[in-house]
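Text of the file data32.txt, holding compact mmCIF, C-alpha atoms and all ligand atoms:
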```
# COMPACT_ATOMS: atom_id res chain seq x y z
CA MET A 1 146.58 29.80 89.14
CA ALA A 2 147.29 26.19 88.34
CA ARG A 3 145.89 25.20 85.00
CA ARG A 4 145.49 21.47 84.79
CA ARG A 5 146.16 20.06 81.35
CA LEU A 6 143.66 17.45 80.25
CA SER A 7 144.47 14.62 77.88
CA GLY A 8 142.58 14.40 74.60
CA ARG A 9 140.36 11.63 75.93
CA GLN A 10 139.60 13.48 79.15
CA MET A 11 138.77 16.61 77.15
CA ALA A 12 136.37 14.65 74.94
CA ARG A 13 134.65 13.20 78.02
CA VAL A 14 134.32 16.61 79.65
CA GLN A 15 132.91 18.06 76.45
CA ALA A 16 130.42 15.21 76.10
CA ILE A 17 129.24 15.73 79.68
CA GLN A 18 128.88 19.45 79.08
CA ALA A 19 126.96 18.90 75.85
CA ARG A 20 124.53 16.52 77.58
CA ARG A 21 124.07 18.94 80.44
CA ARG A 22 123.39 21.81 78.05
CA ALA A 23 120.88 19.78 76.02
CA LYS A 24 118.96 18.94 79.21
CA LEU A 25 119.02 22.55 80.31
CA GLU A 26 117.79 23.73 76.93
CA ALA A 27 114.90 21.29 76.99
CA ARG A 28 113.88 22.45 80.47
CA THR A 29 114.26 26.08 79.42
CA GLU A 30 111.87 25.50 76.53
CA ARG A 31 109.27 24.01 78.85
CA VAL A 32 109.49 26.93 81.27
CA LEU A 33 109.22 29.53 78.52
CA GLU A 34 106.16 27.77 77.08
CA GLY A 35 104.53 27.87 80.50
CA ALA A 36 103.04 30.71 82.44
CA GLU A 37 104.59 34.04 83.44
CA GLY A 38 106.75 32.28 85.97
CA ASP A 39 108.98 33.49 88.70
CA LEU A 40 110.99 36.47 87.45
CA ARG A 41 114.04 37.48 89.46
CA GLU A 42 116.91 39.92 89.20
CA GLY A 43 120.53 38.97 89.22
CA ARG A 44 124.01 39.81 88.08
CA VAL A 45 126.12 38.12 85.43
CA ILE A 46 129.30 36.92 87.13
CA THR A 47 130.89 35.45 84.04
CA ARG A 48 130.06 34.10 80.63
CA HIS A 49 131.50 31.23 78.65
CA GLY A 50 129.90 31.18 75.22
CA ARG A 51 126.19 30.71 75.85
CA ASN A 52 126.68 29.72 79.50
CA LEU A 53 126.04 32.47 82.00
CA SER A 54 126.78 32.33 85.67
CA VAL A 55 124.21 34.56 87.38
CA ARG A 56 124.16 35.52 91.02
CA GLY A 57 120.63 35.75 92.34
CA GLU A 58 119.46 38.08 95.05
CA ASP A 59 119.73 35.12 97.43
CA GLY A 60 123.49 35.26 96.89
CA ARG A 61 123.60 31.89 95.12
CA LEU A 62 125.01 31.21 91.68
CA TYR A 63 122.83 29.86 88.92
CA HIS A 64 123.85 28.27 85.66
CA CYS A 65 121.80 30.06 83.06
CA LEU A 66 121.35 30.14 79.34
CA GLY A 67 120.27 33.30 77.58
CA ARG A 68 116.96 33.50 75.81
CA GLN A 69 117.27 34.08 72.09
CA HIS A 70 117.61 37.69 70.94
CA LEU A 71 118.67 38.67 74.43
CA GLY A 72 121.54 40.81 73.23
CA ASP A 73 125.07 40.35 74.45
CA PRO A 74 125.15 39.91 78.23
CA VAL A 75 128.57 40.28 79.84
CA CYS A 76 130.19 40.15 83.24
CA GLY A 77 128.66 42.84 85.47
CA ASP A 78 125.33 43.06 83.64
CA ARG A 79 122.13 43.18 85.66
CA VAL A 80 119.57 40.77 84.26
CA VAL A 81 116.11 39.38 84.75
CA TRP A 82 116.09 35.59 84.95
CA GLN A 83 113.78 32.75 85.73
CA PRO A 84 114.61 29.52 87.54
CA THR A 85 114.19 26.33 85.51
CA GLY A 86 115.47 23.78 87.99
CA THR A 87 117.81 23.43 90.92
CA GLY A 88 120.66 25.86 90.44
CA GLU A 89 119.59 26.54 86.86
CA GLY A 90 117.75 29.24 85.03
CA VAL A 91 117.18 31.22 81.89
CA VAL A 92 118.02 34.87 81.41
CA VAL A 93 115.06 36.61 79.84
CA ALA A 94 116.10 40.27 79.81
CA LEU A 95 119.09 42.52 80.07
CA LEU A 96 118.66 45.55 82.33
CA GLU A 97 120.02 48.95 81.38
CA ARG A 98 123.78 49.38 81.76
CA ALA A 99 125.51 52.32 83.40
CA ASN A 100 128.44 51.74 81.06
CA VAL A 101 130.22 49.03 79.12
CA LEU A 102 133.89 48.50 78.40
CA ALA A 103 134.41 47.13 74.91
CA ARG A 104 137.49 45.78 73.25
CA PRO A 105 138.16 44.63 69.73
CA ASP A 106 138.37 40.84 69.21
CA HIS A 107 140.81 39.00 66.88
CA SER A 108 138.96 40.23 63.83
CA GLY A 109 138.90 43.83 65.06
CA ARG A 110 135.19 43.80 65.89
CA GLU A 111 134.22 45.65 69.08
CA ARG A 112 132.98 43.23 71.71
CA PRO A 113 131.66 44.17 75.14
CA LEU A 114 133.95 42.90 77.90
CA ALA A 115 132.28 44.01 81.13
CA ALA A 116 129.44 46.30 82.18
CA ASN A 117 128.59 48.60 85.09
CA ILE A 118 132.19 49.33 86.01
CA GLY A 119 133.01 51.81 88.77
CA HIS A 120 136.68 52.26 88.05
CA LEU A 121 139.51 50.86 86.02
CA ALA A 122 142.88 49.64 87.28
CA VAL A 123 145.51 49.29 84.57
CA VAL A 124 148.03 46.71 85.71
CA LEU A 125 151.63 46.96 84.52
CA ALA A 126 154.59 44.93 85.72
CA VAL A 127 158.34 45.00 85.87
CA ALA A 128 158.11 41.99 83.55
CA PRO A 129 156.76 41.61 80.91
CA PRO A 130 157.98 45.16 80.15
CA PRO A 131 155.22 47.79 80.11
CA VAL A 132 153.75 48.93 76.82
CA LEU A 133 152.99 52.60 77.46
CA GLY A 134 150.76 52.88 74.41
CA LEU A 135 148.51 50.25 75.92
CA LEU A 136 148.35 52.11 79.22
CA ASP A 137 147.39 55.31 77.42
CA GLN A 138 144.70 53.53 75.43
CA TYR A 139 143.13 52.15 78.58
CA LEU A 140 143.24 55.59 80.16
CA VAL A 141 141.42 57.00 77.13
CA ALA A 142 138.83 54.26 77.58
CA ALA A 143 138.35 55.21 81.25
CA GLU A 144 138.00 58.92 80.38
CA THR A 145 135.41 58.28 77.69
CA LEU A 146 133.47 56.02 80.08
CA GLY A 147 133.69 58.75 82.70
CA ILE A 148 135.21 56.49 85.37
CA GLU A 149 138.30 56.87 87.58
CA ALA A 150 141.48 55.12 86.57
CA LEU A 151 144.49 54.07 88.58
CA VAL A 152 147.81 52.50 87.66
CA VAL A 153 149.06 49.38 89.43
CA LEU A 154 152.78 48.62 89.12
CA ASN A 155 153.07 44.94 89.98
CA LYS A 156 156.03 42.60 90.54
CA ILE A 157 157.93 45.36 92.26
CA ASP A 158 159.86 42.51 93.95
CA LEU A 159 161.55 41.93 90.58
CA ALA A 160 162.72 45.52 90.10
CA PRO A 161 166.45 46.09 90.64
CA ASP A 162 165.56 49.66 91.63
CA PRO A 163 161.89 49.88 92.72
CA ALA A 164 161.98 53.67 93.19
CA ALA A 165 163.30 54.19 89.66
CA PHE A 166 160.60 51.93 88.25
CA ARG A 167 157.91 53.88 90.06
CA ASP A 168 159.39 57.26 89.11
CA ALA A 169 159.23 56.37 85.43
CA PHE A 170 155.44 56.70 85.81
CA ALA A 171 155.50 59.99 87.72
CA PRO A 172 153.96 61.90 84.76
CA TYR A 173 150.81 59.82 85.23
CA ARG A 174 150.62 60.66 88.92
CA ARG A 175 151.04 64.35 88.08
CA ILE A 176 147.95 64.30 85.87
CA GLY A 177 145.90 62.63 88.57
CA TYR A 178 146.24 58.89 88.05
CA PRO A 179 147.37 57.42 91.37
CA LEU A 180 150.21 54.89 91.25
CA PHE A 181 150.21 51.72 93.33
CA PRO A 182 153.57 49.92 93.39
CA VAL A 183 152.73 46.42 94.63
CA SER A 184 153.86 42.83 94.65
CA ALA A 185 151.19 40.17 94.51
CA ARG A 186 153.88 37.65 95.41
CA ALA A 187 155.52 39.45 98.36
CA GLY A 188 152.30 41.14 99.48
CA THR A 189 153.75 44.68 99.40
CA GLY A 190 151.43 47.62 98.86
CA LEU A 191 148.28 45.51 98.91
CA ALA A 192 146.63 47.27 101.86
CA GLU A 193 146.71 50.64 100.06
CA LEU A 194 145.39 49.08 96.87
CA ARG A 195 142.64 47.22 98.69
CA GLY A 196 141.52 50.45 100.33
CA ARG A 197 141.28 52.16 96.98
CA LEU A 198 139.54 49.31 95.20
CA ARG A 199 136.74 49.22 97.74
CA GLN A 200 135.00 52.08 95.94
CA GLY A 201 132.63 50.51 93.46
CA PRO A 202 133.30 47.57 91.18
CA GLY A 203 136.78 47.84 89.73
CA ILE A 204 138.13 46.06 86.69
CA LEU A 205 141.75 44.94 86.37
CA VAL A 206 143.02 45.22 82.81
CA GLY A 207 146.38 45.00 81.11
CA GLN A 208 148.78 42.81 79.22
CA SER A 209 148.73 39.09 79.64
CA GLY A 210 151.04 37.89 82.41
CA VAL A 211 151.31 41.10 84.43
CA GLY A 212 149.62 39.42 87.38
CA LYS A 213 145.97 40.52 87.37
CA SER A 214 144.65 37.16 88.56
CA SER A 215 147.49 36.87 91.08
CA LEU A 216 146.57 40.28 92.47
CA ILE A 217 142.93 39.39 92.85
CA GLN A 218 143.98 36.18 94.52
CA ALA A 219 146.23 38.11 96.90
CA LEU A 220 143.45 40.62 97.65
CA LEU A 221 140.76 38.00 98.10
CA PRO A 222 141.43 35.27 100.59
CA ASP A 223 138.53 33.18 99.28
CA MET A 224 139.12 33.56 95.53
CA GLU A 225 139.64 29.82 95.03
CA ILE A 226 136.31 29.13 96.71
CA GLN A 227 134.58 31.68 94.49
CA ILE A 228 136.18 30.10 91.40
CA GLN A 229 134.94 26.66 92.42
CA ARG A 230 131.41 27.96 92.85
CA ILE A 231 131.52 29.74 89.50
CA SER A 232 132.87 26.64 87.72
CA ALA A 233 130.12 24.57 89.28
CA ALA A 234 127.53 27.13 88.22
CA THR A 235 128.67 27.48 84.60
CA GLY A 236 129.35 23.78 84.16
CA GLN A 237 132.82 24.62 82.87
CA GLY A 238 135.35 22.12 84.08
CA CYS A 239 138.25 24.44 84.71
CA HIS A 240 138.78 28.12 85.18
CA THR A 241 141.06 30.18 82.97
CA THR A 242 141.13 33.91 82.55
CA SER A 243 139.47 33.52 79.19
CA ALA A 244 136.43 35.50 80.26
CA ALA A 245 135.93 38.52 82.49
CA THR A 246 134.90 37.32 85.95
CA TRP A 247 133.34 39.16 88.85
CA TYR A 248 134.62 38.56 92.41
CA ASP A 249 133.02 39.92 95.55
CA LEU A 250 135.24 41.68 98.03
CA PRO A 251 134.63 40.92 101.68
CA GLY A 252 132.83 43.87 103.23
CA GLY A 253 131.42 45.18 99.95
CA GLY A 254 132.68 46.08 96.53
CA ALA A 255 133.82 43.79 93.76
CA LEU A 256 136.72 43.19 91.42
CA ILE A 257 136.56 42.04 87.83
CA ASP A 258 139.41 39.94 86.47
CA ALA A 259 139.72 40.54 82.74
CA PRO A 260 141.55 38.31 80.29
CA GLY A 261 144.90 39.85 79.36
CA VAL A 262 145.63 41.34 75.99
CA ARG A 263 148.61 40.60 73.80
CA SER A 264 147.91 43.61 71.67
CA PHE A 265 145.35 46.30 72.04
CA ARG A 266 144.18 48.44 69.22
CA LEU A 267 141.71 51.20 69.62
CA GLY A 268 138.46 50.35 68.01
CA ARG A 269 136.70 53.13 66.23
CA LEU A 270 138.00 56.00 68.33
CA GLY A 271 137.50 59.31 66.65
CA PHE A 272 139.84 62.28 66.91
CA ARG A 273 137.58 64.11 69.37
CA GLU A 274 137.43 61.09 71.66
CA LEU A 275 141.20 60.82 71.62
CA GLU A 276 141.60 64.52 72.35
CA TYR A 277 139.09 64.22 75.19
CA GLY A 278 140.61 60.96 76.44
CA PHE A 279 143.99 62.59 77.15
CA ARG A 280 143.03 64.57 80.22
CA ASP A 281 146.32 66.49 80.10
CA ILE A 282 145.73 67.57 76.48
CA ARG A 283 142.01 68.28 76.85
CA PRO A 284 142.31 71.71 78.57
CA TYR A 285 144.47 73.08 75.71
CA ALA A 286 142.67 71.47 72.80
CA GLY A 287 140.08 74.20 72.35
CA HIS A 288 142.63 77.00 72.26
CA CYS A 289 144.47 76.39 68.98
CA ARG A 290 144.36 78.97 66.17
CA PHE A 291 142.54 76.57 63.85
CA GLY A 292 139.38 74.76 64.87
CA ASP A 293 140.44 71.64 63.00
CA CYS A 294 143.97 71.63 64.47
CA ARG A 295 145.36 68.09 64.80
CA HIS A 296 148.07 69.28 67.23
CA ARG A 297 150.95 68.13 65.04
CA ASP A 298 152.76 71.04 63.39
CA GLU A 299 149.98 73.51 62.82
CA PRO A 300 150.81 77.17 63.54
CA GLY A 301 149.28 78.55 66.73
CA CYS A 302 148.75 75.10 68.25
CA ALA A 303 148.09 75.50 71.98
CA VAL A 304 148.83 71.82 72.63
CA LYS A 305 152.25 71.99 71.00
CA ALA A 306 152.98 75.20 72.92
CA ALA A 307 152.05 73.49 76.19
CA VAL A 308 154.41 70.62 75.38
CA GLU A 309 157.24 73.12 74.75
CA ALA A 310 156.43 74.96 77.98
CA GLY A 311 156.41 71.71 79.98
CA GLY A 312 152.69 71.74 80.73
CA ILE A 313 152.19 68.44 78.89
CA ASP A 314 154.58 65.52 79.31
CA ARG A 315 156.50 64.75 76.09
CA GLY A 316 156.03 61.01 76.42
CA ARG A 317 152.28 61.43 76.69
CA TYR A 318 152.25 63.81 73.71
CA ARG A 319 154.21 61.30 71.58
CA SER A 320 151.76 58.62 72.65
CA PHE A 321 148.87 60.85 71.63
CA LEU A 322 150.40 61.37 68.17
CA ARG A 323 151.02 57.65 67.75
CA LEU A 324 147.42 56.80 68.62
CA LEU A 325 146.23 59.58 66.34
CA ASN A 326 148.26 58.14 63.43
CA GLU A 327 146.87 54.67 64.11
CA ALA A 328 143.31 55.96 64.30
CA GLU A 329 143.73 57.78 60.97
CA GLU A 330 145.26 54.71 59.29
CA GLN A 331 142.31 52.57 60.34
CA ARG A 332 139.89 54.88 58.64
N1 LIG A 401 157.76 37.87 90.92
C1 LIG A 401 156.45 38.07 90.85
N2 LIG A 401 155.71 37.32 90.03
C2 LIG A 401 154.38 37.53 89.96
C3 LIG A 401 153.76 38.56 90.73
N3 LIG A 401 152.44 38.57 90.43
C4 LIG A 401 152.25 37.58 89.54
N4 LIG A 401 153.40 36.95 89.24
C5 LIG A 401 153.57 35.83 88.29
O1 LIG A 401 153.28 36.27 86.97
C6 LIG A 401 152.68 35.24 86.21
C7 LIG A 401 151.40 35.72 85.56
O2 LIG A 401 150.45 36.00 86.56
P1 LIG A 401 148.88 36.00 86.27
O3 LIG A 401 148.24 36.45 87.53
O4 LIG A 401 148.41 34.75 85.68
O5 LIG A 401 148.78 37.15 85.16
P2 LIG A 401 147.49 37.73 84.43
O6 LIG A 401 147.69 39.18 84.27
O7 LIG A 401 146.26 37.30 85.14
O8 LIG A 401 147.58 37.02 83.01
P3 LIG A 401 146.35 36.76 81.95
O9 LIG A 401 145.26 36.04 82.69
O10 LIG A 401 146.98 35.97 80.85
O11 LIG A 401 145.94 38.11 81.49
C8 LIG A 401 152.49 34.07 87.17
O12 LIG A 401 153.54 33.15 86.97
C9 LIG A 401 152.58 34.71 88.53
O13 LIG A 401 153.07 33.82 89.52
C10 LIG A 401 154.59 39.37 91.59
O14 LIG A 401 154.17 40.28 92.30
N5 LIG A 401 155.92 39.07 91.60
MG MG A 402 144.61 36.22 84.53
ZN ZN A 403 146.51 72.21 68.20
```
As structure tokens, how would this structure be written, given the file I've shared?
Amino acid sequence: MARRRLSGRQMARVQAIQARRRAKLEARTERVLEGAEGDLREGRVITRHGRNLSVRGEDGRLYHCLGRQHLGDPVCGDRVVWQPTGTGEGVVVALLERANVLARPDHSGRERPLAANIGHLAVVLAVAPPPVLGLLDQYLVAAETLGIEALVVLNKIDLAPDPAAFRDAFAPYRRIGYPLFPVSARAGTGLAELRGRLRQGPGILVGQSGVGKSSLIQALLPDMEIQIQRISAATGQGCHTTSAATWYDLPGGGALIDAPGVRSFRLGRLGFRELEYGFRDIRPYAGHCRFGDCRHRDEPGCAVKAAVEAGGIDRGRYRSFLRLLNEAEEQR
């Protein structure tokens, strides 16, 4: 996506316009809230930039909304109750119950919700930048603990000197039930299969920065640019960057969420039991060790270690488990 650079003066002008617009909206919001019960409607949060929410109403239109105070922390995908305050504008008065929420630590390590009501999770890796397997495993743990399906997208296959070898490096994931989708957003390869799979429920694309999540959504959605323009108009944000999770509707049903990429990804406050549960290949053995508090490192009678030796658990995945376990223990 082209990101237009603005000069300092242009930036200042855009910010001044946005500030004026927000002040007007706040004043109108106050008046509406002071008034009667009003016209309560349901909608979905498409994206959020700071206090600005883009909400899609049941009429299919987008509304630029502000959240009422003490609303909580609405995120992309949330169902909300809102009230119109003017043409194309409204105020969000309540957050409806979430089926689930994907959280991720921010710069300071605090867990922040990223997106809610997710049907499945697509971890996007690419030939370049080189995949960080630890990150993949962490996202898979997140999907398991949320109880949603996960799939692995291998993008930029056009850049691989040996595409089959690149795909085969991830065969252990396919063997434990995570389907692999080798694709190229640029060349258009593999997109039909991926599109078919992503139709089931709202899917979120996550992964390192630069692996091509936005490019994939663009390739899968012929009208993505149009949706971006509408969202920008609705949030009053001048330009679109993948700085916030954004919901896109798929033609013929379903939706995709574009998430901002991560440069590093640390597990928040994942406990040992969550980690053990989150590795679906380790989970079946975990209850069968000699000691109930077995950490699956070098304890005698460890069923997990025995399964690794017998080839029932992939060594790479086991190493990844130990690494995440060490990190989790250090954070404590
Ligand atoms: N060769 C090749 N390049 C690609 C492909 N998909 C994306 N790219 C390029 O990779 C770069 C990053 O793509 P983005 O779609 O912005 O990546 P992203 O994952 O959304 O990045 P963040 O928003 O920072 O998380 C761009 O220069 C794309 O043109 C692909 O299939 N093949
Ligand atoms: Mg992006
Ligand atoms: Zn054990």
With the cut-off set at 10 Å and counting all atoms listed in the file, tabulate each residue of chain A with an atom at most that distance from an atom of ligand ZN 403 (chain A), showing the nearest atom pair and its distance in Å to one decimal, ordered by chain and increasing number, as CSV.
```
residue,atom,partner,partner_atom,distance
A:Ile282,CA,A:ZN403,ZN,9.5
A:Tyr285,CA,A:ZN403,ZN,7.8
A:Ala286,CA,A:ZN403,ZN,6.0
A:Gly287,CA,A:ZN403,ZN,7.9
A:His288,CA,A:ZN403,ZN,7.4
A:Cys289,CA,A:ZN403,ZN,4.7
A:Arg290,CA,A:ZN403,ZN,7.4
A:Phe291,CA,A:ZN403,ZN,7.3
A:Gly292,CA,A:ZN403,ZN,8.3
A:Asp293,CA,A:ZN403,ZN,8.0
A:Cys294,CA,A:ZN403,ZN,4.5
A:Arg295,CA,A:ZN403,ZN,5.5
A:His296,CA,A:ZN403,ZN,3.5
A:Arg297,CA,A:ZN403,ZN,6.8
A:Asp298,CA,A:ZN403,ZN,8.0
A:Glu299,CA,A:ZN403,ZN,6.5
A:Pro300,CA,A:ZN403,ZN,8.1
A:Gly301,CA,A:ZN403,ZN,7.1
A:Cys302,CA,A:ZN403,ZN,3.7
A:Ala303,CA,A:ZN403,ZN,5.3
A:Val304,CA,A:ZN403,ZN,5.0
A:Lys305,CA,A:ZN403,ZN,6.4
A:Ala306,CA,A:ZN403,ZN,8.5
A:Ala307,CA,A:ZN403,ZN,9.8
```
Write out as a compact mmCIF listing (two decimals) with C-alpha atoms, in the coordinates of the input which residues come within 12 Å of Arg319 (chain A) when counting all atoms listed in the file, dropping same-chain ones fewer than 3 positions away.
```
# COMPACT_ATOMS: atom_id res chain seq x y z
CA LEU A 133 152.99 52.60 77.46
CA GLY A 134 150.76 52.88 74.41
CA ASP A 137 147.39 55.31 77.42
CA PHE A 279 143.99 62.59 77.15
CA ILE A 282 145.73 67.57 76.48
CA HIS A 296 148.07 69.28 67.23
CA ARG A 297 150.95 68.13 65.04
CA VAL A 304 148.83 71.82 72.63
CA LYS A 305 152.25 71.99 71.00
CA VAL A 308 154.41 70.62 75.38
CA ILE A 313 152.19 68.44 78.89
CA ASP A 314 154.58 65.52 79.31
CA ARG A 315 156.50 64.75 76.09
CA GLY A 316 156.03 61.01 76.42
CA LEU A 322 150.40 61.37 68.17
CA ARG A 323 151.02 57.65 67.75
CA LEU A 324 147.42 56.80 68.62
CA LEU A 325 146.23 59.58 66.34
CA ASN A 326 148.26 58.14 63.43
```
Report summary line: For ligand MG 402 (chain A), the closest of A:Asp73, A:Glu329, A:Glu274, A:Asp258 counting only C-alpha atoms and all ligand atoms is A:Asp258
Query raised in the report: Nearest to ligand MG 402 (chain A): which of A:Ile257, A:Ala116, A:Leu53, A:Ala94 is it, counting only C-alpha atoms and all ligand atoms?
Result: A:Ile257
Using all atoms listed in the file, what does the table of chain A residues within 8 Å of ligand LIG 401 (chain A) look like, with each row giving the shortest atom pair and its distance in Å to one decimal, sorted by chain and ascending number, as a tab-separated table?
```
residue	atom	partner	partner_atom	distance
A:Met1	CA	A:LIG401	O4	6.3
A:Val124	CA	A:LIG401	O6	7.7
A:Asn155	CA	A:LIG401	O14	5.3
A:Lys156	CA	A:LIG401	O14	3.5
A:Ile157	CA	A:LIG401	O14	6.3
A:Asp158	CA	A:LIG401	N5	5.7
A:Leu159	CA	A:LIG401	N1	5.6
A:Val183	CA	A:LIG401	O14	6.7
A:Ser184	CA	A:LIG401	O14	3.5
A:Ala185	CA	A:LIG401	O14	3.7
A:Arg186	CA	A:LIG401	O14	4.1
A:Ala187	CA	A:LIG401	O14	6.3
A:Gly188	CA	A:LIG401	O14	7.5
A:Val206	CA	A:LIG401	O6	7.8
A:Gly207	CA	A:LIG401	O6	6.8
A:Gln208	CA	A:LIG401	O11	5.9
A:Ser209	CA	A:LIG401	O11	3.5
A:Gly210	CA	A:LIG401	O8	3.6
A:Val211	CA	A:LIG401	O6	4.1
A:Gly212	CA	A:LIG401	O3	3.3
A:Lys213	CA	A:LIG401	O6	3.8
A:Ser214	CA	A:LIG401	O7	3.8
A:Ser215	CA	A:LIG401	O3	3.7
A:Leu216	CA	A:LIG401	N3	6.4
A:Thr241	CA	A:LIG401	O9	7.2
A:Thr242	CA	A:LIG401	O9	4.6
A:Ser243	CA	A:LIG401	O9	7.2
A:Asp258	CA	A:LIG401	O7	7.5
A:Ala259	CA	A:LIG401	O11	6.8
A:Pro260	CA	A:LIG401	O11	4.6
A:Gly261	CA	A:LIG401	O11	2.9
A:Val262	CA	A:LIG401	O11	6.4
```
Query raised in the report: Neighbours of Tyr277 (chain A) within 12 Å (all atoms listed in the file; same-chain residues fewer than 2 positions away dropped), as a ChimeraX atom specification?
Result: /A:140-147,270-275,279-287,321
**Report entry** Shortest interatomic distance to ligand MG 402 (chain A) - which of A:Val152, A:Ala115, A:Leu205, A:Ala23, counting only C-alpha atoms and all ligand atoms
**Finding:** A:Leu205
Requested in this report: Enter the distance from CA of Glu327 (chain A) to CA of Ala103 (chain A), in Å, rounded to one decimal.
Outcome: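 If I compute the distance from CA of Glu327 (chain A) to CA of Ala103 (chain A), I get 18.1 Å.
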Query - Interatomic distance, CA of Ala244 (chain A) to CA of Pro113 (chain A) (Å, one decimal) - result: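 Separation of CA of Ala244 (chain A) and CA of Pro113 (chain A): 11.1 Å.
The shortest atom-to-atom distance to Ile231 (chain A), with only C-alpha atoms taken into account, belongs to A:Asp249 out of A:Gly311, A:Ala169, A:Arg317, A:Asp249.
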Requested in this report: Could you give me, as a PyMOL selection string, the residues that have an atom at most 9 Å away from the point (158.9, 45.0, 83.0) in the coordinates of the file, using all atoms listed in the file?
Outcome: chain A and resi 125-132+156+159-160+166+211
**Report entry** Close residues, Leu71 (chain A) itself excluded, 7 Å, all atoms listed in the file, min 2 positions apart in chain, as a ChimeraX atom specification
**Finding:** /A:67-69,73,93-95
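A straight line drawn from CA of Leu66 (chain A) to CA of Pro84 (chain A) is 10.6 Å long.
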Query raised in the report: Which polymer residues have any atom within 7 Å of an atom of Gly57 (chain A), counting all atoms listed in the file, with same-chain residues fewer than 4 positions away left out, as a list in words?
Result: Glu42, Gly43, Arg44, Arg61 and Leu62 of chain A
Requested in this report: May I ask which of the residues A:Arg13, A:Arg197, A:Gln18, A:Leu136 is the closest one to Phe170 (chain A), counting all atoms listed in the file?
Outcome: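 Checking each of A:Arg13, A:Arg197, A:Gln18, A:Leu136 against Phe170 (chain A), counting all atoms listed in the file, the winner is A:Leu136.
Remark: residues at most 9 Å from position (148.6, 47.5, 100.1) in file coordinates are Phe181, Pro182, Val183, Ser184, Gly188, Thr189, Gly190, Leu191, Ala192, Glu193, Leu194, Arg195, Gly196 and Leu220 of chain A, using all atoms listed in the file.
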